[in-house]
Each structure stands twice: as C-alpha cells, then as structure tokens.
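Below: final08.cif (mmCIF, C-alpha atoms)
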```
data_my_file
loop_
_atom_site.label_atom_id
_atom_site.label_comp_id
_atom_site.auth_asym_id
_atom_site.auth_seq_id
_atom_site.Cartn_x
_atom_site.Cartn_y
_atom_site.Cartn_z
CA MET A 1 -13.49 93.42 -13.53
CA LYS A 2 -14.63 90.46 -15.64
CA VAL A 3 -12.14 88.41 -17.70
CA ILE A 4 -12.75 85.54 -20.08
CA GLY A 5 -10.44 82.56 -19.96
CA ILE A 6 -10.41 80.21 -22.93
CA ASP A 7 -8.65 76.85 -22.98
CA ILE A 8 -8.07 75.29 -26.41
CA GLY A 9 -7.45 71.62 -25.72
CA SER A 10 -7.14 68.39 -27.66
CA SER A 11 -10.26 66.86 -26.09
CA PHE A 12 -12.33 69.86 -25.07
CA LEU A 13 -12.65 73.59 -25.69
CA LYS A 14 -13.50 75.45 -22.51
CA GLY A 15 -14.59 79.00 -21.78
CA PHE A 16 -14.62 80.57 -18.33
CA LEU A 17 -15.85 83.89 -17.02
CA PHE A 18 -13.98 85.18 -13.98
CA ASP A 19 -14.78 88.03 -11.64
CA MET A 20 -11.27 89.21 -10.81
CA ASP A 21 -12.43 91.66 -8.12
CA LYS A 22 -14.18 88.93 -6.15
CA GLY A 23 -11.72 86.20 -7.08
CA ARG A 24 -14.34 83.76 -8.30
CA LEU A 25 -15.54 81.82 -11.30
CA ILE A 26 -18.88 83.08 -12.56
CA GLU A 27 -19.60 80.67 -15.38
CA LYS A 28 -18.01 78.00 -17.55
CA LYS A 29 -18.76 76.41 -20.90
CA LYS A 30 -17.32 73.24 -22.37
CA THR A 31 -17.63 71.53 -25.72
CA PRO A 32 -15.77 68.68 -27.42
CA SER A 33 -12.86 69.76 -29.60
CA PRO A 34 -13.53 69.80 -33.35
CA LYS A 35 -13.51 66.46 -35.16
CA ARG A 36 -10.29 65.09 -36.54
CA LEU A 37 -9.81 64.85 -40.30
CA GLY A 38 -7.33 62.61 -42.03
CA SER A 39 -5.94 59.11 -41.97
CA GLU A 40 -4.10 57.05 -39.36
CA THR A 41 -0.97 59.22 -39.53
CA ARG A 42 -2.74 62.54 -40.15
CA PHE A 43 -4.46 64.62 -37.51
CA GLU A 44 -5.91 67.77 -39.01
CA VAL A 45 -8.78 69.96 -37.88
CA TYR A 46 -10.45 72.88 -39.61
CA ALA A 47 -8.73 75.82 -37.89
CA GLY A 48 -11.76 78.06 -38.31
CA GLU A 49 -13.73 75.87 -35.90
CA TYR A 50 -11.43 76.98 -33.08
CA VAL A 51 -11.84 80.62 -34.12
CA GLU A 52 -15.63 80.29 -34.16
CA PHE A 53 -15.67 78.76 -30.68
CA VAL A 54 -13.56 81.59 -29.26
CA LYS A 55 -15.59 84.26 -31.07
CA ASN A 56 -18.87 82.76 -29.82
CA ILE A 57 -17.62 82.63 -26.21
CA ILE A 58 -16.51 86.27 -26.36
CA ASP A 59 -19.78 87.36 -28.03
CA ASP A 60 -21.92 85.44 -25.52
CA TYR A 61 -20.21 86.90 -22.47
CA ALA A 62 -20.00 90.41 -23.99
CA LYS A 63 -23.81 90.52 -24.25
CA SER A 64 -24.19 90.31 -20.47
CA TYR A 65 -20.95 91.62 -18.99
CA ASP A 66 -18.52 94.51 -19.25
CA LEU A 67 -15.31 92.68 -20.08
CA ALA A 68 -11.76 93.73 -19.24
CA GLY A 69 -9.93 91.12 -21.29
CA VAL A 70 -9.49 87.65 -22.70
CA VAL A 71 -6.84 85.12 -21.72
CA LEU A 72 -6.14 82.33 -24.21
CA ALA A 73 -4.47 79.09 -23.11
CA THR A 74 -3.22 76.80 -25.87
CA GLN A 75 -0.86 74.03 -24.85
CA MET A 76 -1.28 72.23 -28.17
CA HIS A 77 1.98 72.12 -30.09
CA GLY A 78 0.74 72.01 -33.64
CA PHE A 79 0.56 74.57 -36.40
CA VAL A 80 -1.55 76.21 -39.05
CA TYR A 81 0.17 76.88 -42.36
CA SER A 82 -2.17 79.27 -44.15
CA THR A 83 -1.84 79.97 -47.86
CA SER A 84 -5.38 81.23 -48.33
CA LEU A 85 -7.42 84.26 -47.46
CA LYS A 86 -10.38 82.00 -46.69
CA MET A 87 -10.41 80.69 -43.13
CA GLU A 88 -12.47 77.65 -44.14
CA ASP A 89 -9.46 76.37 -46.13
CA ASP A 90 -7.02 76.51 -43.22
CA LEU A 91 -6.13 73.36 -41.32
CA TYR A 92 -4.64 73.02 -37.88
CA VAL A 93 -2.09 70.18 -37.93
CA SER A 94 -2.19 68.75 -34.42
CA TRP A 95 0.73 67.66 -32.27
CA GLN A 96 -0.90 64.23 -32.62
CA ASP A 97 -0.18 64.23 -36.37
CA MET A 98 2.45 61.65 -37.32
CA ARG A 99 2.84 62.19 -41.06
CA CYS A 100 6.62 62.51 -40.65
CA LEU A 101 6.63 58.74 -40.04
CA GLU A 102 5.45 58.17 -43.61
CA LYS A 103 8.06 56.85 -46.03
CA MET A 104 9.93 58.86 -48.61
CA ASP A 105 10.73 57.36 -52.03
CA ASN A 106 14.10 56.15 -50.69
CA GLY A 107 12.40 54.09 -47.94
CA GLN A 108 13.47 56.44 -45.15
CA THR A 109 10.81 58.23 -43.10
CA TYR A 110 10.73 62.00 -43.26
CA LEU A 111 11.70 62.04 -39.59
CA GLU A 112 14.72 59.81 -40.23
CA PHE A 113 15.79 62.11 -43.04
CA LEU A 114 15.55 65.17 -40.78
CA GLN A 115 17.48 63.35 -38.06
CA SER A 116 20.21 62.60 -40.61
CA ILE A 117 20.70 66.28 -41.45
CA ILE A 118 19.99 67.90 -38.05
CA SER A 119 22.01 66.52 -35.15
CA GLU A 120 20.85 66.12 -31.56
CA ASP A 121 23.48 68.72 -30.59
CA GLU A 122 21.93 71.22 -33.00
CA MET A 123 18.51 70.54 -31.49
CA LYS A 124 19.73 71.08 -27.90
CA THR A 125 19.36 74.85 -28.30
CA CYS A 126 15.66 74.22 -29.03
CA GLY A 127 15.27 72.21 -25.83
CA VAL A 128 13.71 69.27 -27.65
CA ASN A 129 14.81 66.53 -30.03
CA LEU A 130 13.24 65.86 -33.39
CA LYS A 131 10.19 63.66 -32.86
CA PRO A 132 6.93 62.83 -34.64
CA SER A 133 4.80 65.30 -32.66
CA LEU A 134 7.07 68.25 -33.44
CA GLY A 135 5.38 70.66 -35.83
CA CYS A 136 8.51 71.35 -37.87
CA CYS A 137 8.79 67.64 -38.75
CA ASN A 138 5.21 67.50 -39.99
CA LEU A 139 5.43 70.85 -41.78
CA PHE A 140 8.57 69.64 -43.59
CA THR A 141 6.71 66.45 -44.58
CA MET A 142 3.63 68.35 -45.74
CA LEU A 143 5.67 70.70 -47.93
CA SER A 144 7.88 67.88 -49.24
CA GLN A 145 4.94 65.71 -50.22
CA ASN A 146 3.11 68.50 -52.01
CA PRO A 147 5.35 70.83 -54.03
CA ASN A 148 2.22 72.72 -55.17
CA ILE A 149 1.67 74.21 -51.71
CA PRO A 150 2.83 77.84 -51.91
CA ARG A 151 5.98 78.54 -49.93
CA ASN A 152 4.88 82.05 -49.00
CA GLY A 153 2.19 81.01 -46.51
CA HIS A 154 1.83 82.21 -42.94
CA LEU A 155 2.85 79.90 -40.10
CA TYR A 156 0.90 80.10 -36.85
CA THR A 157 0.45 78.34 -33.56
CA ILE A 158 -3.25 77.70 -32.99
CA GLY A 159 -3.23 80.57 -30.47
CA SER A 160 -1.63 83.08 -32.83
CA TYR A 161 -3.99 81.97 -35.61
CA ILE A 162 -7.05 82.63 -33.45
CA ILE A 163 -5.67 86.01 -32.36
CA GLU A 164 -4.93 87.05 -35.96
CA LYS A 165 -8.37 86.02 -37.22
CA LEU A 166 -10.11 87.92 -34.40
CA THR A 167 -7.92 91.03 -34.34
CA GLY A 168 -6.22 91.22 -37.74
CA ARG A 169 -2.80 91.13 -36.06
CA ASN A 170 -0.47 88.16 -36.42
CA ILE A 171 1.30 88.04 -33.11
CA CYS A 172 2.92 85.13 -31.35
CA HIS A 173 1.26 84.57 -28.02
CA PRO A 174 3.52 83.54 -25.10
#
```

What does this structure look like when you write it as structure tokens?
Amino acid sequence: MKVIGIDIGSSFLKGFLFDMDKGRLIEKKKTPSPKRLGSETRFEVYAGEYVEFVKNIIDDYAKSYDLAGVVLATQMHGFVYSTSLKMEDDLYVSWQDMRCLEKMDNGQTYLEFLQSIISEDEMKTCGVNLKPSLGCCNLFTMLSQNPNIPRNGHLYTIGSYIIEKLTGRNICHP
C-alpha cells in the first residue's frame, strides 16, 4: 500500500511517497514555499500555489503508483478568507503576518483593541492568549481596515483550503 505524505511548511513544501507494507520511504520531493507578498507587517501568499503543489505531487505519484491515500500535514496557523470563486484571488495570511500591530485611528493597535474587549480569562478556553500571530487578530484587522471585503466569505486553514479545492468539500482537517 502506497501513501503520499505532504508537509506544507513556512520554508519548504515537501512530498513523500511511503510504502506502508514495507515500512519505508520510496521517494521525496522538496521545493521552497511560495514567495511572500506584502509589506513589513503583512505576510500573504497566493493560496492557489499551495494547492498546485499538492495537486502536482499527487498527479506525479499517481502516474507510477497505485495509491491508497494522502496525508496532509499543515502546522501553519494562518488562514485563507475566500470571497471569490477564483482560486487565483485567494490569499493565505500566514501566522507570520503582524498586521494587527498596525495602528487604528485612535492610536491603539488592533491587537490592543482586541485585548481591551476580550480578557485573558475568556481566552483561556482557547488555550492561547491574543497575540500577533493568531489568525483571528489578523482577520479582525483585515476586515476592519477594508469594509468593502464581503462578510460572507469562507474561512479556511491552509489544510482545509487545499482539501476543498481538490475535493470540493470544505472540511476542517484535524
């Protein structure tokens, strides 16, 4: 039984082909992660570039092997907020994005504002405090700064975005 493992990382995208019956790695592929877009505080990447990498890995291995499955590993804590039907318009906002440190009109950062309305006690149930790398802080900033962004978009992790674009099903991966 052959299984593809795909690791979506901040520095590299990696694909692996495993022979599960023999317990060995057959082949691996590695490429630098897509280029960052944006300014000093922004870290965005065209989300479709991740989808294309995964699709190409699956297609390449499927030409030569009978595959039993694909395992996707995505430790990156960012998000894709999609308001378009065109994948080329969608951006992945990385966990390295720091736009919530930008100033609001009142001189407060967006993060400071969120911290003033959401207490540390309220965040304990999430297991993490509000911080610049937290997707919800940067999504709040993005939507606050641009009221023209539709509020009926679809929110994804990078893993769930890839899965939806390849299968047509928006599921949250574990």

Each stretch 62-142 of chain A residue no farther than 10 Å from stretch 17-36 of chain A, nearest pair in Å, all atoms listed in the file, as a Markdown table:
```
| residue | atom | partner | partner_atom | distance |
| --- | --- | --- | --- | --- |
| A:Tyr65 | CA | A:Leu17 | CA | 9.5 |
| A:Leu67 | CA | A:Leu17 | CA | 9.3 |
| A:Ala68 | CA | A:Met20 | CA | 9.6 |
| A:Val70 | CA | A:Leu17 | CA | 9.3 |
| A:Tyr92 | CA | A:Arg36 | CA | 9.8 |
| A:Val93 | CA | A:Arg36 | CA | 9.8 |
| A:Ser94 | CA | A:Arg36 | CA | 9.1 |
```

Problem set entry | Exercise: A:Tyr110 partners within 12 Å, all atoms listed in the file, chain neighbours under 2 positions left out, as a PyMOL selection string | chain A and resi 98-108+112-117+130-132+136-145

Seminar exercise, completed: Of A:Leu166, A:Asp121, A:Asp90, A:His154, the one nearest to A:Ile58 when counting only C-alpha atoms is A:Leu166

Exactly which residues make up the result of the PyMOL selection byres ((chain A and resi 6) around 6) on this file, given as an mmCIF file with C-alpha atoms, in the coordinates of the input?
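Result file is result-v2.cif:
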```
data_model
loop_
_atom_site.group_PDB
_atom_site.id
_atom_site.type_symbol
_atom_site.label_atom_id
_atom_site.label_comp_id
_atom_site.auth_asym_id
_atom_site.auth_seq_id
_atom_site.Cartn_x
_atom_site.Cartn_y
_atom_site.Cartn_z
ATOM 1 C CA GLY A 5 -10.440 82.560 -19.960
ATOM 2 C CA ASP A 7 -8.650 76.850 -22.980
ATOM 3 C CA LYS A 14 -13.500 75.450 -22.510
ATOM 4 C CA GLY A 15 -14.590 79.000 -21.780
ATOM 5 C CA LEU A 72 -6.140 82.330 -24.210
#
```

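Between atom CA of A:Gln96 and atom CA of A:Ser82 lies a distance of 19.0 Å.
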
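If you look at atom CA of A:Gly159 and atom CA of A:Glu120, they are 28.1 Å away from each other.
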
Spatial neighbours of A:Ala47, max dist 7 Å, all atoms listed in the file, sep filter under 2 positions, as a PDB file with C-alpha atoms, in the frame of the given file:
```pdb
ATOM      1  CA  VAL A  45      -8.780  69.960 -37.880  1.00  0.00           C
ATOM      2  CA  GLU A  49     -13.730  75.870 -35.900  1.00  0.00           C
ATOM      3  CA  TYR A  50     -11.430  76.980 -33.080  1.00  0.00           C
ATOM      4  CA  VAL A  51     -11.840  80.620 -34.120  1.00  0.00           C
ATOM      5  CA  ASP A  90      -7.020  76.510 -43.220  1.00  0.00           C
ATOM      6  CA  LEU A  91      -6.130  73.360 -41.320  1.00  0.00           C
ATOM      7  CA  TYR A  92      -4.640  73.020 -37.880  1.00  0.00           C
TER       8      TYR A  92
END
```

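Atom CA of A:Gly135 is found 11.7 Å from atom CA of A:Phe43.
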
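The shell of residues at most 10 Å from A:Lys165, with all atoms listed in the file counted and near chain neighbours (fewer than 5 positions) removed, consists of A:Gly48, A:Val51, A:Glu52, A:Lys55, A:Met87, A:Ser160, A:Asn170.
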
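Distance annotation: of A:Ile162, A:Leu111, A:Ile4, A:Val128, the residue with the minimal separation from A:Asp60 is A:Ile4; atom set is only C-alpha atoms.
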